[in-house]
$ cat coords05.cif   # mmCIF, C-alpha atoms
data_upload
#
loop_
_atom_site.group_PDB
_atom_site.id
_atom_site.type_symbol
_atom_site.label_atom_id
_atom_site.label_comp_id
_atom_site.auth_asym_id
_atom_site.auth_seq_id
_atom_site.Cartn_x
_atom_site.Cartn_y
_atom_site.Cartn_z
ATOM 1 C CA MET A 1 0.000 0.000 0.000
ATOM 2 C CA ASN A 2 2.713 2.381 1.048
ATOM 3 C CA GLY A 3 4.805 1.496 -1.993
ATOM 4 C CA GLY A 4 1.925 2.434 -4.288
ATOM 5 C CA SER A 5 1.583 5.976 -3.002
ATOM 6 C CA CYS A 6 5.317 6.426 -3.246
ATOM 7 C CA SER A 7 5.419 5.498 -6.916
ATOM 8 C CA SER A 8 2.552 7.800 -7.816
ATOM 9 C CA LEU A 9 4.371 10.650 -6.078
ATOM 10 C CA MET A 10 7.412 9.870 -8.153
ATOM 11 C CA ASP A 11 5.354 9.953 -11.321
ATOM 12 C CA ASP A 12 3.803 13.282 -10.432
ATOM 13 C CA ASP A 13 7.180 14.729 -9.633
ATOM 14 C CA HIS A 14 8.606 13.453 -12.883
ATOM 15 C CA HIS A 15 5.666 14.829 -14.822
ATOM 16 C CA HIS A 16 6.092 18.218 -13.189
ATOM 17 C CA HIS A 17 9.764 18.167 -14.052
ATOM 18 C CA GLY A 18 9.062 17.208 -17.620
ATOM 19 C CA HIS A 19 6.847 20.235 -17.963
ATOM 20 C CA GLU A 20 9.442 22.617 -16.558
ATOM 21 C CA GLU A 21 12.434 21.002 -18.223
ATOM 22 C CA LEU A 22 14.399 23.375 -20.379
ATOM 23 C CA HIS A 23 16.119 22.066 -23.475
ATOM 24 C CA VAL A 24 19.382 23.946 -23.814
ATOM 25 C CA LEU A 25 21.703 23.990 -26.809
ATOM 26 C CA ALA A 26 25.230 24.638 -25.484
ATOM 27 C CA VAL A 27 27.817 25.778 -28.018
ATOM 28 C CA ASP A 28 31.521 25.926 -27.196
ATOM 29 C CA ASP A 29 34.627 24.919 -29.149
ATOM 30 C CA ASN A 30 36.476 24.084 -25.917
ATOM 31 C CA LEU A 31 35.638 20.547 -24.800
ATOM 32 C CA ILE A 32 36.326 21.210 -21.102
ATOM 33 C CA ASP A 33 34.141 24.326 -21.067
ATOM 34 C CA ARG A 34 31.430 22.488 -22.990
ATOM 35 C CA LYS A 35 31.456 19.593 -20.506
ATOM 36 C CA LEU A 36 31.315 22.003 -17.577
ATOM 37 C CA VAL A 37 28.316 23.856 -18.978
ATOM 38 C CA GLU A 38 26.607 20.566 -19.806
ATOM 39 C CA ARG A 39 27.175 19.264 -16.265
ATOM 40 C CA LEU A 40 25.886 22.453 -14.622
ATOM 41 C CA LEU A 41 22.779 22.446 -16.796
ATOM 42 C CA LYS A 42 22.086 18.782 -16.086
ATOM 43 C CA VAL A 43 22.474 19.358 -12.351
ATOM 44 C CA SER A 44 19.833 22.076 -12.808
ATOM 45 C CA SER A 45 17.634 19.407 -14.470
ATOM 46 C CA CYS A 46 17.882 20.788 -17.985
ATOM 47 C CA LYS A 47 18.042 18.667 -21.095
ATOM 48 C CA VAL A 48 21.265 19.498 -22.929
ATOM 49 C CA THR A 49 22.397 19.225 -26.530
ATOM 50 C CA THR A 50 25.961 20.302 -27.236
ATOM 51 C CA ALA A 51 27.635 21.593 -30.382
ATOM 52 C CA GLU A 52 31.357 22.204 -30.830
ATOM 53 C CA ASN A 53 30.940 25.233 -33.047
ATOM 54 C CA ALA A 54 28.415 27.721 -34.361
ATOM 55 C CA ILE A 55 28.067 25.996 -37.735
ATOM 56 C CA ARG A 56 27.064 22.729 -36.027
ATOM 57 C CA ALA A 57 24.634 24.626 -33.848
ATOM 58 C CA LEU A 58 23.001 26.199 -36.893
ATOM 59 C CA GLU A 59 22.750 22.800 -38.576
ATOM 60 C CA TYR A 60 21.077 21.371 -35.490
ATOM 61 C CA LEU A 61 18.675 24.312 -35.360
ATOM 62 C CA GLY A 62 17.834 23.806 -39.018
ATOM 63 C CA LEU A 63 19.570 26.935 -40.264
ATOM 64 C CA GLY A 64 22.175 25.024 -42.216
ATOM 65 C CA ASP A 65 22.016 25.279 -45.994
ATOM 66 C CA GLN A 66 19.743 22.357 -46.815
ATOM 67 C CA ASN A 67 16.155 21.711 -45.782
ATOM 68 C CA GLN A 68 16.154 24.789 -43.618
ATOM 69 C CA HIS A 69 12.560 25.055 -42.647
ATOM 70 C CA ILE A 70 11.793 21.396 -42.106
ATOM 71 C CA ASP A 71 14.673 21.046 -39.650
ATOM 72 C CA ALA A 72 13.969 24.368 -37.976
ATOM 73 C CA LEU A 73 10.481 23.197 -37.187
ATOM 74 C CA SER A 74 11.616 19.842 -35.851
ATOM 75 C CA ASN A 75 14.552 20.987 -33.704
ATOM 76 C CA GLY A 76 14.424 24.727 -33.286
ATOM 77 C CA LEU A 77 11.068 24.782 -31.601
ATOM 78 C CA LYS A 78 12.217 22.192 -29.088
ATOM 79 C CA VAL A 79 15.122 24.299 -27.845
ATOM 80 C CA ASN A 80 14.198 26.716 -25.046
ATOM 81 C CA LEU A 81 17.618 28.318 -24.716
ATOM 82 C CA ILE A 82 20.883 28.634 -26.604
ATOM 83 C CA ILE A 83 24.027 29.260 -24.596
ATOM 84 C CA THR A 84 27.135 29.994 -26.639
ATOM 85 C CA ASP A 85 30.747 30.962 -26.190
ATOM 86 C CA TYR A 86 31.701 34.295 -27.753
ATOM 87 C CA CYS A 87 35.133 33.398 -29.129
ATOM 88 C CA MET A 88 35.004 30.439 -31.485
ATOM 89 C CA PRO A 89 36.859 29.706 -34.731
ATOM 90 C CA GLY A 90 34.884 29.994 -37.969
ATOM 91 C CA MET A 91 31.875 31.805 -36.621
ATOM 92 C CA THR A 92 31.744 33.704 -33.349
ATOM 93 C CA GLY A 93 28.969 33.478 -30.798
ATOM 94 C CA PHE A 94 27.990 37.005 -31.800
ATOM 95 C CA GLU A 95 27.533 35.968 -35.441
ATOM 96 C CA LEU A 96 25.534 32.954 -34.275
ATOM 97 C CA LEU A 97 23.341 35.267 -32.199
ATOM 98 C CA LYS A 98 22.683 37.486 -35.224
ATOM 99 C CA LYS A 99 21.777 34.506 -37.406
ATOM 100 C CA ILE A 100 19.320 33.228 -34.797
ATOM 101 C CA LYS A 101 17.721 36.647 -34.376
ATOM 102 C CA GLU A 102 17.337 36.970 -38.170
ATOM 103 C CA SER A 103 15.382 33.698 -38.321
ATOM 104 C CA SER A 104 11.612 34.001 -38.149
ATOM 105 C CA TYR A 105 11.496 30.532 -36.532
ATOM 106 C CA LEU A 106 14.174 31.022 -33.928
ATOM 107 C CA LYS A 107 14.213 34.696 -33.013
ATOM 108 C CA GLU A 108 12.085 34.032 -29.911
ATOM 109 C CA VAL A 109 14.623 31.572 -28.477
ATOM 110 C CA PRO A 110 16.725 33.280 -25.786
ATOM 111 C CA VAL A 111 20.460 33.341 -26.481
ATOM 112 C CA VAL A 112 23.021 33.665 -23.687
ATOM 113 C CA ILE A 113 26.604 34.563 -24.570
ATOM 114 C CA MET A 114 29.530 33.425 -22.413
ATOM 115 C CA SER A 115 33.030 34.843 -22.454
ATOM 116 C CA SER A 116 36.112 34.548 -20.297
ATOM 117 C CA GLU A 117 36.904 38.180 -21.107
ATOM 118 C CA ASN A 118 34.897 40.926 -19.500
ATOM 119 C CA ILE A 119 34.830 43.541 -22.278
ATOM 120 C CA PRO A 120 31.993 46.063 -21.755
ATOM 121 C CA THR A 121 31.767 47.079 -25.437
ATOM 122 C CA ARG A 122 31.458 43.418 -26.448
ATOM 123 C CA ILE A 123 28.841 42.775 -23.757
ATOM 124 C CA ASN A 124 26.812 45.796 -24.846
ATOM 125 C CA LYS A 125 27.063 44.816 -28.509
ATOM 126 C CA CYS A 126 25.683 41.352 -27.733
ATOM 127 C CA LEU A 127 22.859 42.667 -25.548
ATOM 128 C CA ALA A 128 21.962 45.303 -28.136
ATOM 129 C CA SER A 129 21.746 42.560 -30.770
ATOM 130 C CA GLY A 130 19.244 40.572 -28.754
ATOM 131 C CA ALA A 131 21.249 38.427 -26.337
ATOM 132 C CA GLN A 132 19.281 37.557 -23.222
ATOM 133 C CA MET A 133 22.296 37.687 -20.939
ATOM 134 C CA PHE A 134 26.072 37.858 -21.014
ATOM 135 C CA MET A 135 27.854 35.552 -18.572
ATOM 136 C CA GLN A 136 31.428 35.424 -17.382
ATOM 137 C CA LYS A 137 33.273 32.126 -17.765
ATOM 138 C CA PRO A 138 33.862 29.836 -16.044
ATOM 139 C CA LEU A 139 30.171 29.402 -15.332
ATOM 140 C CA LYS A 140 29.104 28.512 -11.820
ATOM 141 C CA LEU A 141 26.014 26.632 -10.689
ATOM 142 C CA SER A 142 24.648 29.883 -9.227
ATOM 143 C CA ASP A 143 24.866 31.471 -12.714
ATOM 144 C CA VAL A 144 22.856 28.631 -14.217
ATOM 145 C CA GLU A 145 20.255 28.786 -11.452
ATOM 146 C CA LYS A 146 19.947 32.546 -11.891
ATOM 147 C CA LEU A 147 19.582 32.130 -15.624
ATOM 148 C CA LYS A 148 16.951 29.417 -15.226
ATOM 149 C CA CYS A 149 14.975 31.551 -12.817
ATOM 150 C CA HIS A 150 15.208 34.467 -15.235
ATOM 151 C CA LEU A 151 13.928 32.301 -18.096
ATOM 152 C CA MET A 152 11.050 30.849 -16.120
ATOM 153 C CA ASN A 153 9.913 34.374 -15.324
ATOM 154 C CA CYS A 154 10.162 35.335 -18.954
ATOM 155 C CA ARG A 155 8.147 32.331 -20.057
ATOM 156 C CA SER A 156 5.346 32.673 -17.532
#

$ encode --input "coords05.cif" --output "C-alpha cells"
Amino acid sequence: MNGGSCSSLMDDDHHHHGHEELHVLAVDDNLIDRKLVERLLKVSSCKVTTAENAIRALEYLGLGDQNQHIDALSNGLKVNLIITDYCMPGMTGFELLKKIKESSYLKEVPVVIMSSENIPTRINKCLASGAQMFMQKPLKLSDVEKLKCHLMNCRS
C-alpha cells in the first residue's frame, strides 16, 4: 500500500519536471568548457544538446544550408535556450546570435553569450543585438540557477 503511493508521487514529480524542463543547446569549441556547462545544466535538471561550433549549432537548429525550414520546425522549436561561447573559430557566438535573431522561426529563443573576457563594449554589442544575458566564464552553478529563474519568469 505504502509502496503504491510512493510510486505515484514519483510519477507526479517526474511529470512536473518534464513540464518545466528546459532544453538547452550549449555551443563551445572548448571541450572542457562544454562539458562544464553541460554538467551544470544537467544538475539544474535541464536537457542538454551540445555543439562544438556555431556551424554545427546552426545545422542542429535547421539553419544550415539544406532543408532549412523542415529542420527548424523539428529541432528549433524544441530548444528553449541557446548558450554559446563568444570566441570560437569559424563563426563567433555574436555571429551565431545574429543569425538566430534573423530567423523568423528562432528569433524568440533566448540566447546567452559566455566569455572569459569581460569587455563592456562586447557585452553591450551582444545585448543590443538581442542576447538575453552575457555571462562570465567559467560558469558557476549559481549562474545557471539565476539564468533558469530568469527564463522561467520570462516564459510565464

$ atom_distance --input "coords05.cif" --atom1 "atom CA of Lys148 of chain A" --atom2 "atom CA of Leu106 of chain A"
19.0 Å

$ closest_residue --input "coords05.cif" --among "A:Leu96, A:Val43, A:Ile82, A:Leu127" --to "Glu108 of chain A" --atoms "only C-alpha atoms"
A:Ile82

$ closest_atom_pairs --input "coords05.cif" --of "segment 102-147 of chain A" --to "segment 22-36 of chain A" --cutoff "10 Å" --atoms "all atoms listed in the file" --output "Markdown table"
| residue | atom | partner | partner_atom | distance |
| --- | --- | --- | --- | --- |
| A:Pro110 | CA | A:Val24 | CA | 9.9 |
| A:Val111 | CA | A:Leu25 | CA | 9.4 |
| A:Val112 | CA | A:Ala26 | CA | 9.5 |
| A:Ile113 | CA | A:Val27 | CA | 9.5 |
| A:Met114 | CA | A:Asp28 | CA | 9.1 |
| A:Lys137 | CA | A:Asp33 | CA | 8.5 |
| A:Pro138 | CA | A:Asp33 | CA | 7.5 |
| A:Leu139 | CA | A:Leu36 | CA | 7.8 |
| A:Lys140 | CA | A:Leu36 | CA | 9.0 |
| A:Leu141 | CA | A:Leu36 | CA | 9.8 |

$ atom_distance --input "coords05.cif" --atom1 "atom CA of Met88 of chain A" --atom2 "atom CA of Asn53 of chain A"
6.8 Å

$ closest_residue --input "coords05.cif" --among "A:Val109, A:Leu41, A:Ile55, A:Leu63" --to "Gly90 of chain A" --atoms "all atoms listed in the file"
A:Ile55

$ atom_distance --input "coords05.cif" --atom1 "atom CA of Glu117 of chain A" --atom2 "atom CA of Val79 of chain A"
26.7 Å

$ residues_around --input "coords05.cif" --residues "Gln136 of chain A" --least-positions-apart "5" --cutoff "7 Å" --atoms "only C-alpha atoms" --output "short mmCIF file (atom, residue, chain, number, x, y, z; two decimals) with C-alpha atoms, in the coordinates of the input"
data_model
loop_
_atom_site.label_atom_id
_atom_site.label_comp_id
_atom_site.auth_asym_id
_atom_site.auth_seq_id
_atom_site.Cartn_x
_atom_site.Cartn_y
_atom_site.Cartn_z
CA MET A 114 29.53 33.42 -22.41
CA SER A 115 33.03 34.84 -22.45
CA SER A 116 36.11 34.55 -20.30
CA ASN A 118 34.90 40.93 -19.50
#

$ axis_aligned_box --input "coords05.cif" --around "segment 33-50 of chain A" --padding-each-side "6 Å" --output "lines of an AutoDock Vina configuration file"
center_x = 25.9
center_y = 21.5
center_z = -19.8
size_x = 28.5
size_y = 17.7
size_z = 26.9

$ residues_around --input "coords05.cif" --residues "Lys125 of chain A" --least-positions-apart "5" --cutoff "12 Å" --atoms "all atoms listed in the file" --output "number ranges by chain"
A: 86, 93-95, 97-98, 113, 119-120, 130-134

$ closest_residue --input "coords05.cif" --among "A:Asn153, A:Asp85, A:Leu147, A:Ser129" --to "Cys46 of chain A" --atoms "only C-alpha atoms"
A:Leu147

$ closest_residue --input "coords05.cif" --among "A:Lys42, A:Lys107, A:Lys78, A:Lys101" --to "Glu145 of chain A" --atoms "only C-alpha atoms"
A:Lys42

$ build_atoms --input "coords05.cif" --residues "segment 113-124 of chain A" --atoms "all heavy atoms" --output "PDB file, in the frame of the given file"
ATOM      1  N   ILE A 113      25.216  34.585 -24.110  1.00  0.00           N
ATOM      2  CA  ILE A 113      26.604  34.563 -24.570  1.00  0.00           C
ATOM      3  C   ILE A 113      27.529  34.449 -23.360  1.00  0.00           C
ATOM      4  O   ILE A 113      27.326  35.127 -22.363  1.00  0.00           O
ATOM      5  CB  ILE A 113      26.940  35.857 -25.343  1.00  0.00           C
ATOM      6  CG1 ILE A 113      25.888  36.119 -26.418  1.00  0.00           C
ATOM      7  CG2 ILE A 113      28.360  35.813 -25.893  1.00  0.00           C
ATOM      8  CD1 ILE A 113      26.239  35.795 -27.827  1.00  0.00           C
ATOM      9  N   MET A 114      28.530  33.564 -23.481  1.00  0.00           N
ATOM     10  CA  MET A 114      29.530  33.425 -22.413  1.00  0.00           C
ATOM     11  C   MET A 114      30.875  33.893 -22.943  1.00  0.00           C
ATOM     12  O   MET A 114      31.180  33.693 -24.118  1.00  0.00           O
ATOM     13  CB  MET A 114      29.729  31.956 -22.028  1.00  0.00           C
ATOM     14  CG  MET A 114      28.507  31.171 -21.717  1.00  0.00           C
ATOM     15  SD  MET A 114      28.962  29.443 -21.419  1.00  0.00           S
ATOM     16  CE  MET A 114      29.214  28.808 -23.083  1.00  0.00           C
ATOM     17  N   SER A 115      31.673  34.484 -22.064  1.00  0.00           N
ATOM     18  CA  SER A 115      33.030  34.843 -22.454  1.00  0.00           C
ATOM     19  C   SER A 115      33.916  34.877 -21.230  1.00  0.00           C
ATOM     20  O   SER A 115      33.472  35.248 -20.154  1.00  0.00           O
ATOM     21  CB  SER A 115      33.041  36.200 -23.150  1.00  0.00           C
ATOM     22  OG  SER A 115      34.372  36.560 -23.472  1.00  0.00           O
ATOM     23  N   SER A 116      35.175  34.480 -21.418  1.00  0.00           N
ATOM     24  CA  SER A 116      36.112  34.548 -20.297  1.00  0.00           C
ATOM     25  C   SER A 116      36.646  35.971 -20.146  1.00  0.00           C
ATOM     26  O   SER A 116      37.218  36.316 -19.134  1.00  0.00           O
ATOM     27  CB  SER A 116      37.259  33.563 -20.499  1.00  0.00           C
ATOM     28  OG  SER A 116      37.732  33.656 -21.817  1.00  0.00           O
ATOM     29  N   GLU A 117      36.448  36.791 -21.184  1.00  0.00           N
ATOM     30  CA  GLU A 117      36.904  38.180 -21.107  1.00  0.00           C
ATOM     31  C   GLU A 117      35.728  39.091 -20.802  1.00  0.00           C
ATOM     32  O   GLU A 117      34.670  38.961 -21.397  1.00  0.00           O
ATOM     33  CB  GLU A 117      37.532  38.605 -22.434  1.00  0.00           C
ATOM     34  CG  GLU A 117      38.756  37.803 -22.770  1.00  0.00           C
ATOM     35  CD  GLU A 117      38.902  37.588 -24.264  1.00  0.00           C
ATOM     36  OE1 GLU A 117      37.896  37.256 -24.912  1.00  0.00           O
ATOM     37  OE2 GLU A 117      40.007  37.753 -24.765  1.00  0.00           O
ATOM     38  N   ASN A 118      35.949  40.004 -19.900  1.00  0.00           N
ATOM     39  CA  ASN A 118      34.897  40.926 -19.500  1.00  0.00           C
ATOM     40  C   ASN A 118      35.118  42.249 -20.236  1.00  0.00           C
ATOM     41  O   ASN A 118      35.763  43.156 -19.719  1.00  0.00           O
ATOM     42  CB  ASN A 118      34.956  41.121 -17.986  1.00  0.00           C
ATOM     43  CG  ASN A 118      33.721  41.845 -17.478  1.00  0.00           C
ATOM     44  OD1 ASN A 118      32.866  42.260 -18.247  1.00  0.00           O
ATOM     45  ND2 ASN A 118      33.635  42.007 -16.174  1.00  0.00           N
ATOM     46  N   ILE A 119      34.622  42.340 -21.458  1.00  0.00           N
ATOM     47  CA  ILE A 119      34.830  43.541 -22.278  1.00  0.00           C
ATOM     48  C   ILE A 119      33.490  44.259 -22.444  1.00  0.00           C
ATOM     49  O   ILE A 119      32.619  43.781 -23.179  1.00  0.00           O
ATOM     50  CB  ILE A 119      35.419  43.160 -23.657  1.00  0.00           C
ATOM     51  CG1 ILE A 119      36.715  42.362 -23.465  1.00  0.00           C
ATOM     52  CG2 ILE A 119      35.649  44.399 -24.509  1.00  0.00           C
ATOM     53  CD1 ILE A 119      37.270  41.752 -24.728  1.00  0.00           C
ATOM     54  N   PRO A 120      33.304  45.388 -21.749  1.00  0.00           N
ATOM     55  CA  PRO A 120      31.993  46.063 -21.755  1.00  0.00           C
ATOM     56  C   PRO A 120      31.438  46.354 -23.147  1.00  0.00           C
ATOM     57  O   PRO A 120      30.246  46.167 -23.384  1.00  0.00           O
ATOM     58  CB  PRO A 120      32.264  47.353 -20.988  1.00  0.00           C
ATOM     59  CG  PRO A 120      33.397  47.011 -20.085  1.00  0.00           C
ATOM     60  CD  PRO A 120      34.252  46.049 -20.854  1.00  0.00           C
ATOM     61  N   THR A 121      32.293  46.771 -24.092  1.00  0.00           N
ATOM     62  CA  THR A 121      31.767  47.079 -25.437  1.00  0.00           C
ATOM     63  C   THR A 121      31.221  45.816 -26.097  1.00  0.00           C
ATOM     64  O   THR A 121      30.193  45.855 -26.771  1.00  0.00           O
ATOM     65  CB  THR A 121      32.867  47.681 -26.340  1.00  0.00           C
ATOM     66  OG1 THR A 121      34.028  46.836 -26.266  1.00  0.00           O
ATOM     67  CG2 THR A 121      33.231  49.084 -25.905  1.00  0.00           C
ATOM     68  N   ARG A 122      31.906  44.698 -25.887  1.00  0.00           N
ATOM     69  CA  ARG A 122      31.458  43.418 -26.448  1.00  0.00           C
ATOM     70  C   ARG A 122      30.132  43.003 -25.805  1.00  0.00           C
ATOM     71  O   ARG A 122      29.203  42.577 -26.494  1.00  0.00           O
ATOM     72  CB  ARG A 122      32.528  42.359 -26.181  1.00  0.00           C
ATOM     73  CG  ARG A 122      32.126  40.983 -26.656  1.00  0.00           C
ATOM     74  CD  ARG A 122      33.165  39.950 -26.274  1.00  0.00           C
ATOM     75  NE  ARG A 122      34.363  40.094 -27.077  1.00  0.00           N
ATOM     76  CZ  ARG A 122      35.458  39.339 -26.916  1.00  0.00           C
ATOM     77  NH1 ARG A 122      35.484  38.411 -25.976  1.00  0.00           N
ATOM     78  NH2 ARG A 122      36.511  39.497 -27.677  1.00  0.00           N
ATOM     79  N   ILE A 123      30.067  43.140 -24.482  1.00  0.00           N
ATOM     80  CA  ILE A 123      28.841  42.775 -23.757  1.00  0.00           C
ATOM     81  C   ILE A 123      27.671  43.610 -24.263  1.00  0.00           C
ATOM     82  O   ILE A 123      26.604  43.076 -24.589  1.00  0.00           O
ATOM     83  CB  ILE A 123      29.036  42.987 -22.239  1.00  0.00           C
ATOM     84  CG1 ILE A 123      30.122  42.025 -21.725  1.00  0.00           C
ATOM     85  CG2 ILE A 123      27.723  42.779 -21.484  1.00  0.00           C
ATOM     86  CD1 ILE A 123      30.583  42.296 -20.300  1.00  0.00           C
ATOM     87  N   ASN A 124      27.886  44.903 -24.387  1.00  0.00           N
ATOM     88  CA  ASN A 124      26.812  45.796 -24.846  1.00  0.00           C
ATOM     89  C   ASN A 124      26.383  45.490 -26.272  1.00  0.00           C
ATOM     90  O   ASN A 124      25.201  45.551 -26.599  1.00  0.00           O
ATOM     91  CB  ASN A 124      27.254  47.262 -24.726  1.00  0.00           C
ATOM     92  CG  ASN A 124      27.416  47.668 -23.272  1.00  0.00           C
ATOM     93  OD1 ASN A 124      26.811  47.060 -22.389  1.00  0.00           O
ATOM     94  ND2 ASN A 124      28.256  48.661 -23.014  1.00  0.00           N
TER      95      ASN A 124
END
